[in-house]
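Before any comments, here is the structure.
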Amino acid sequence: MIGMEKSENKEFLEKSIHHLEATGFENIKADIEGYETPKSYLKMGSKVKITPDIVALKNGIKYFFDISLKSEKPRLLKSKWLFLDALSRMKSNRFRIITTKGHYKFTDNLLEDINLDYKSPIRI
């Protein structure tokens, strides 16, 4: 989810965090009140900051999670996902996408567009 949509979808972000806690993730950092904010990355050549929606640990492995909801700016979402995927592979971490009913087709189309269609999103 891109930055300007986070305030609109706070409920789904909290629901996702509760789902991750229930599945054994710990040390959760999220970009909402009550949680520590994950580290942001600055895109070179522009002033765009990329912040994963959720960062968590499970069995000593760091996971980056991004929420996929229908967006008016899919290009920004695609570049964010490509960056987070590259970052996670570079450091032997994991990158997963979380989506919900009504957004599956949008998510699948974006993943196919950027050749990440081997990733299966977590469906809540």
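Naming works like this for the structure tokens: A, B, ... for the chains as they're shown, residue 1 at the start of each chain, ligands 1 onward in shown order.
The protein and nucleic acid residues lying at most 9 Å from region 79-93 of chain A are Met1, Ile2, Ile50, Thr51, Pro52, Ile61, Lys62, Tyr63, Phe64, Phe65, Asp66, Leu111, Ile114 and Leu116 of chain A, with only C-alpha atoms considered and sequence neighbours fewer than 6 positions away removed.
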Limited to N, CA and C atoms, could you put the picked residues into a file as a PDB file, in the first residue's frame?
ATOM      1  N   MET A   1       0.857  -1.157   0.000  1.00  0.00           N
ATOM      2  CA  MET A   1       0.000   0.000   0.000  1.00  0.00           C
ATOM      3  C   MET A   1       0.907   1.225   0.000  1.00  0.00           C
ATOM      4  N   ILE A   2       0.533   2.211  -0.762  1.00  0.00           N
ATOM      5  CA  ILE A   2       1.355   3.417  -0.815  1.00  0.00           C
ATOM      6  C   ILE A   2       0.977   4.350   0.335  1.00  0.00           C
ATOM      7  N   ILE A  50      10.467   4.656   0.571  1.00  0.00           N
ATOM      8  CA  ILE A  50       9.818   3.355   0.539  1.00  0.00           C
ATOM      9  C   ILE A  50       9.885   2.761   1.936  1.00  0.00           C
ATOM     10  N   THR A  51       8.712   2.514   2.510  1.00  0.00           N
ATOM     11  CA  THR A  51       8.612   1.923   3.841  1.00  0.00           C
ATOM     12  C   THR A  51       7.730   0.690   3.746  1.00  0.00           C
ATOM     13  N   PRO A  52       8.232  -0.476   4.143  1.00  0.00           N
ATOM     14  CA  PRO A  52       7.365  -1.658   4.140  1.00  0.00           C
ATOM     15  C   PRO A  52       6.205  -1.451   5.114  1.00  0.00           C
ATOM     16  N   ILE A  61      14.184 -15.317  10.966  1.00  0.00           N
ATOM     17  CA  ILE A  61      14.184 -14.797   9.598  1.00  0.00           C
ATOM     18  C   ILE A  61      13.314 -13.547   9.552  1.00  0.00           C
ATOM     19  N   LYS A  62      13.837 -12.506   8.909  1.00  0.00           N
ATOM     20  CA  LYS A  62      13.112 -11.244   8.789  1.00  0.00           C
ATOM     21  C   LYS A  62      12.175 -11.319   7.583  1.00  0.00           C
ATOM     22  N   TYR A  63      10.926 -10.913   7.782  1.00  0.00           N
ATOM     23  CA  TYR A  63       9.921 -10.899   6.724  1.00  0.00           C
ATOM     24  C   TYR A  63       9.458  -9.467   6.480  1.00  0.00           C
ATOM     25  N   PHE A  64       9.379  -9.089   5.205  1.00  0.00           N
ATOM     26  CA  PHE A  64       8.788  -7.817   4.803  1.00  0.00           C
ATOM     27  C   PHE A  64       7.400  -8.129   4.257  1.00  0.00           C
ATOM     28  N   PHE A  65       6.389  -7.416   4.733  1.00  0.00           N
ATOM     29  CA  PHE A  65       5.022  -7.609   4.249  1.00  0.00           C
ATOM     30  C   PHE A  65       4.522  -6.301   3.664  1.00  0.00           C
ATOM     31  N   ASP A  66       3.816  -6.405   2.537  1.00  0.00           N
ATOM     32  CA  ASP A  66       3.175  -5.243   1.954  1.00  0.00           C
ATOM     33  C   ASP A  66       1.707  -5.572   1.721  1.00  0.00           C
ATOM     34  N   LEU A 111       1.258  -8.587  -9.912  1.00  0.00           N
ATOM     35  CA  LEU A 111       2.362  -9.536  -9.767  1.00  0.00           C
ATOM     36  C   LEU A 111       2.775 -10.104 -11.120  1.00  0.00           C
ATOM     37  N   ILE A 114       4.893  -7.570 -13.236  1.00  0.00           N
ATOM     38  CA  ILE A 114       6.297  -7.359 -12.843  1.00  0.00           C
ATOM     39  C   ILE A 114       7.044  -8.678 -12.654  1.00  0.00           C
ATOM     40  N   LEU A 116       6.506 -11.296 -10.850  1.00  0.00           N
ATOM     41  CA  LEU A 116       6.581 -11.870  -9.513  1.00  0.00           C
ATOM     42  C   LEU A 116       5.405 -12.822  -9.300  1.00  0.00           C
TER      43      LEU A 116
END
What lies within 10 Å of region 56-59 of chain A using only C-alpha atoms, ignoring chain neighbours under 2 positions off, as an NGL selection string? :A and (17 or 20-21 or 23-30 or 38 or 54 or 61-65 or 93-94)
Since we have the selection now, will you write its residues out, keeping N, CA and C atoms, as an mmCIF file, in the first residue's frame?
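Dumped everything to again.cif:
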data_model
loop_
_atom_site.group_PDB
_atom_site.id
_atom_site.type_symbol
_atom_site.label_atom_id
_atom_site.label_comp_id
_atom_site.auth_asym_id
_atom_site.auth_seq_id
_atom_site.Cartn_x
_atom_site.Cartn_y
_atom_site.Cartn_z
ATOM 1 N N ILE A 17 -1.914 -7.452 11.048
ATOM 2 C CA ILE A 17 -0.967 -7.602 12.153
ATOM 3 C C ILE A 17 -1.452 -8.670 13.127
ATOM 4 N N LEU A 20 -0.798 -12.051 11.643
ATOM 5 C CA LEU A 20 0.616 -12.426 11.726
ATOM 6 C C LEU A 20 0.993 -12.836 13.149
ATOM 7 N N GLU A 21 0.470 -12.117 14.139
ATOM 8 C CA GLU A 21 0.737 -12.487 15.535
ATOM 9 C C GLU A 21 0.199 -13.885 15.832
ATOM 10 N N THR A 23 -0.087 -16.316 13.776
ATOM 11 C CA THR A 23 0.670 -17.349 13.066
ATOM 12 C C THR A 23 2.124 -17.441 13.523
ATOM 13 N N GLY A 24 2.467 -16.770 14.633
ATOM 14 C CA GLY A 24 3.783 -16.962 15.230
ATOM 15 C C GLY A 24 4.831 -15.914 14.933
ATOM 16 N N PHE A 25 4.470 -14.818 14.300
ATOM 17 C CA PHE A 25 5.444 -13.755 14.043
ATOM 18 C C PHE A 25 5.619 -12.920 15.292
ATOM 19 N N GLU A 26 6.827 -12.427 15.489
ATOM 20 C CA GLU A 26 7.126 -11.616 16.671
ATOM 21 C C GLU A 26 7.942 -10.406 16.271
ATOM 22 N N ASN A 27 8.164 -9.508 17.227
ATOM 23 C CA ASN A 27 8.926 -8.275 16.996
ATOM 24 C C ASN A 27 8.372 -7.532 15.777
ATOM 25 N N ILE A 28 7.067 -7.352 15.762
ATOM 26 C CA ILE A 28 6.382 -6.749 14.610
ATOM 27 C C ILE A 28 6.547 -5.236 14.628
ATOM 28 N N LYS A 29 6.954 -4.702 13.487
ATOM 29 C CA LYS A 29 7.052 -3.260 13.282
ATOM 30 C C LYS A 29 6.070 -2.913 12.169
ATOM 31 N N ALA A 30 5.278 -1.885 12.387
ATOM 32 C CA ALA A 30 4.287 -1.489 11.389
ATOM 33 C C ALA A 30 4.195 0.028 11.326
ATOM 34 N N PRO A 38 8.888 0.734 10.781
ATOM 35 C CA PRO A 38 9.985 0.044 10.102
ATOM 36 C C PRO A 38 10.937 1.038 9.426
ATOM 37 N N ILE A 54 4.667 -3.774 6.956
ATOM 38 C CA ILE A 54 4.911 -4.545 8.173
ATOM 39 C C ILE A 54 6.258 -5.256 8.038
ATOM 40 N N ILE A 61 14.184 -15.317 10.966
ATOM 41 C CA ILE A 61 14.184 -14.797 9.598
ATOM 42 C C ILE A 61 13.314 -13.547 9.552
ATOM 43 N N LYS A 62 13.837 -12.506 8.909
ATOM 44 C CA LYS A 62 13.112 -11.244 8.789
ATOM 45 C C LYS A 62 12.175 -11.319 7.583
ATOM 46 N N TYR A 63 10.926 -10.913 7.782
ATOM 47 C CA TYR A 63 9.921 -10.899 6.724
ATOM 48 C C TYR A 63 9.458 -9.467 6.480
ATOM 49 N N PHE A 64 9.379 -9.089 5.205
ATOM 50 C CA PHE A 64 8.788 -7.817 4.803
ATOM 51 C C PHE A 64 7.400 -8.129 4.257
ATOM 52 N N PHE A 65 6.389 -7.416 4.733
ATOM 53 C CA PHE A 65 5.022 -7.609 4.249
ATOM 54 C C PHE A 65 4.522 -6.301 3.664
ATOM 55 N N ASN A 93 16.276 -12.501 3.298
ATOM 56 C CA ASN A 93 15.035 -12.304 4.038
ATOM 57 C C ASN A 93 13.882 -12.802 3.185
ATOM 58 N N ARG A 94 12.666 -12.549 3.602
ATOM 59 C CA ARG A 94 11.485 -12.969 2.852
ATOM 60 C C ARG A 94 10.590 -11.762 2.593
#
Looking only at strand (DSSP E) from DSSP on the backbone, list the matching residues of chain A as a ChimeraX atom specification. /A:26-30,41-42,49-50,54-58,61-68,94-99,122-123
Note to self: Which residues are near Asn9 (chain A)? Cut-off 12 Å, only C-alpha atoms, ignore same chain within fewer than 3 positions. Put them as a VMD selection string.
What the structure shows: chain A and resid 1 to 6 12 to 16 31 to 32 53 67 to 71 99 to 100
What would the file look like if the residues just selected were written as an mmCIF file, in the first residue's frame with N, CA and C atoms?
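This is the output file result_5.cif:
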data_model
loop_
_atom_site.group_PDB
_atom_site.id
_atom_site.type_symbol
_atom_site.label_atom_id
_atom_site.label_comp_id
_atom_site.auth_asym_id
_atom_site.auth_seq_id
_atom_site.Cartn_x
_atom_site.Cartn_y
_atom_site.Cartn_z
ATOM 1 N N MET A 1 0.857 -1.157 0.000
ATOM 2 C CA MET A 1 0.000 0.000 0.000
ATOM 3 C C MET A 1 0.907 1.225 0.000
ATOM 4 N N ILE A 2 0.533 2.211 -0.762
ATOM 5 C CA ILE A 2 1.355 3.417 -0.815
ATOM 6 C C ILE A 2 0.977 4.350 0.335
ATOM 7 N N GLY A 3 1.856 5.274 0.644
ATOM 8 C CA GLY A 3 1.749 6.103 1.835
ATOM 9 C C GLY A 3 0.435 6.820 2.039
ATOM 10 N N MET A 4 -0.104 7.410 0.976
ATOM 11 C CA MET A 4 -1.324 8.199 1.149
ATOM 12 C C MET A 4 -2.552 7.337 1.414
ATOM 13 N N GLU A 5 -2.469 6.029 1.213
ATOM 14 C CA GLU A 5 -3.616 5.147 1.435
ATOM 15 C C GLU A 5 -3.603 4.506 2.819
ATOM 16 N N LYS A 6 -2.532 4.677 3.574
ATOM 17 C CA LYS A 6 -2.405 3.998 4.864
ATOM 18 C C LYS A 6 -3.442 4.449 5.868
ATOM 19 N N PHE A 12 -7.621 -2.661 8.043
ATOM 20 C CA PHE A 12 -7.088 -3.865 7.402
ATOM 21 C C PHE A 12 -5.638 -4.103 7.807
ATOM 22 N N LEU A 13 -4.889 -3.038 8.005
ATOM 23 C CA LEU A 13 -3.505 -3.164 8.455
ATOM 24 C C LEU A 13 -3.462 -3.786 9.853
ATOM 25 N N GLU A 14 -4.348 -3.339 10.742
ATOM 26 C CA GLU A 14 -4.411 -3.917 12.088
ATOM 27 C C GLU A 14 -4.853 -5.375 12.036
ATOM 28 N N LYS A 15 -5.801 -5.697 11.165
ATOM 29 C CA LYS A 15 -6.272 -7.076 10.994
ATOM 30 C C LYS A 15 -5.118 -7.965 10.509
ATOM 31 N N SER A 16 -4.314 -7.444 9.612
ATOM 32 C CA SER A 16 -3.159 -8.191 9.099
ATOM 33 C C SER A 16 -2.140 -8.450 10.204
ATOM 34 N N ASP A 31 3.716 0.513 10.224
ATOM 35 C CA ASP A 31 3.638 1.948 9.990
ATOM 36 C C ASP A 31 2.303 2.516 10.481
ATOM 37 N N ILE A 32 1.923 2.162 11.730
ATOM 38 C CA ILE A 32 0.723 2.726 12.354
ATOM 39 C C ILE A 32 1.022 3.015 13.822
ATOM 40 N N ASP A 53 5.046 -2.018 4.794
ATOM 41 C CA ASP A 53 3.886 -1.854 5.670
ATOM 42 C C ASP A 53 4.115 -2.556 7.007
ATOM 43 N N ILE A 67 0.848 -4.631 2.012
ATOM 44 C CA ILE A 67 -0.588 -4.802 1.846
ATOM 45 C C ILE A 67 -0.956 -4.439 0.413
ATOM 46 N N SER A 68 -1.715 -5.306 -0.245
ATOM 47 C CA SER A 68 -2.140 -5.039 -1.613
ATOM 48 C C SER A 68 -3.640 -4.768 -1.639
ATOM 49 N N LEU A 69 -3.989 -3.522 -1.872
ATOM 50 C CA LEU A 69 -5.375 -3.114 -2.063
ATOM 51 C C LEU A 69 -5.436 -2.321 -3.363
ATOM 52 N N LYS A 70 -6.598 -2.298 -3.990
ATOM 53 C CA LYS A 70 -6.731 -1.570 -5.250
ATOM 54 C C LYS A 70 -6.257 -0.138 -5.067
ATOM 55 N N SER A 71 -5.439 0.309 -6.010
ATOM 56 C CA SER A 71 -4.812 1.611 -5.894
ATOM 57 C C SER A 71 -4.965 2.384 -7.195
ATOM 58 N N THR A 99 -3.300 -9.649 0.972
ATOM 59 C CA THR A 99 -4.450 -9.058 0.284
ATOM 60 C C THR A 99 -5.741 -9.603 0.886
ATOM 61 N N THR A 100 -6.853 -9.083 0.450
ATOM 62 C CA THR A 100 -8.146 -9.495 0.985
ATOM 63 C C THR A 100 -9.168 -9.626 -0.137
#
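Closest approach to Glu112 (chain A) from the set A:Lys78, A:Lys10, A:Glu72, A:Lys39 is made by A:Lys78, with distances taken over only C-alpha atoms.
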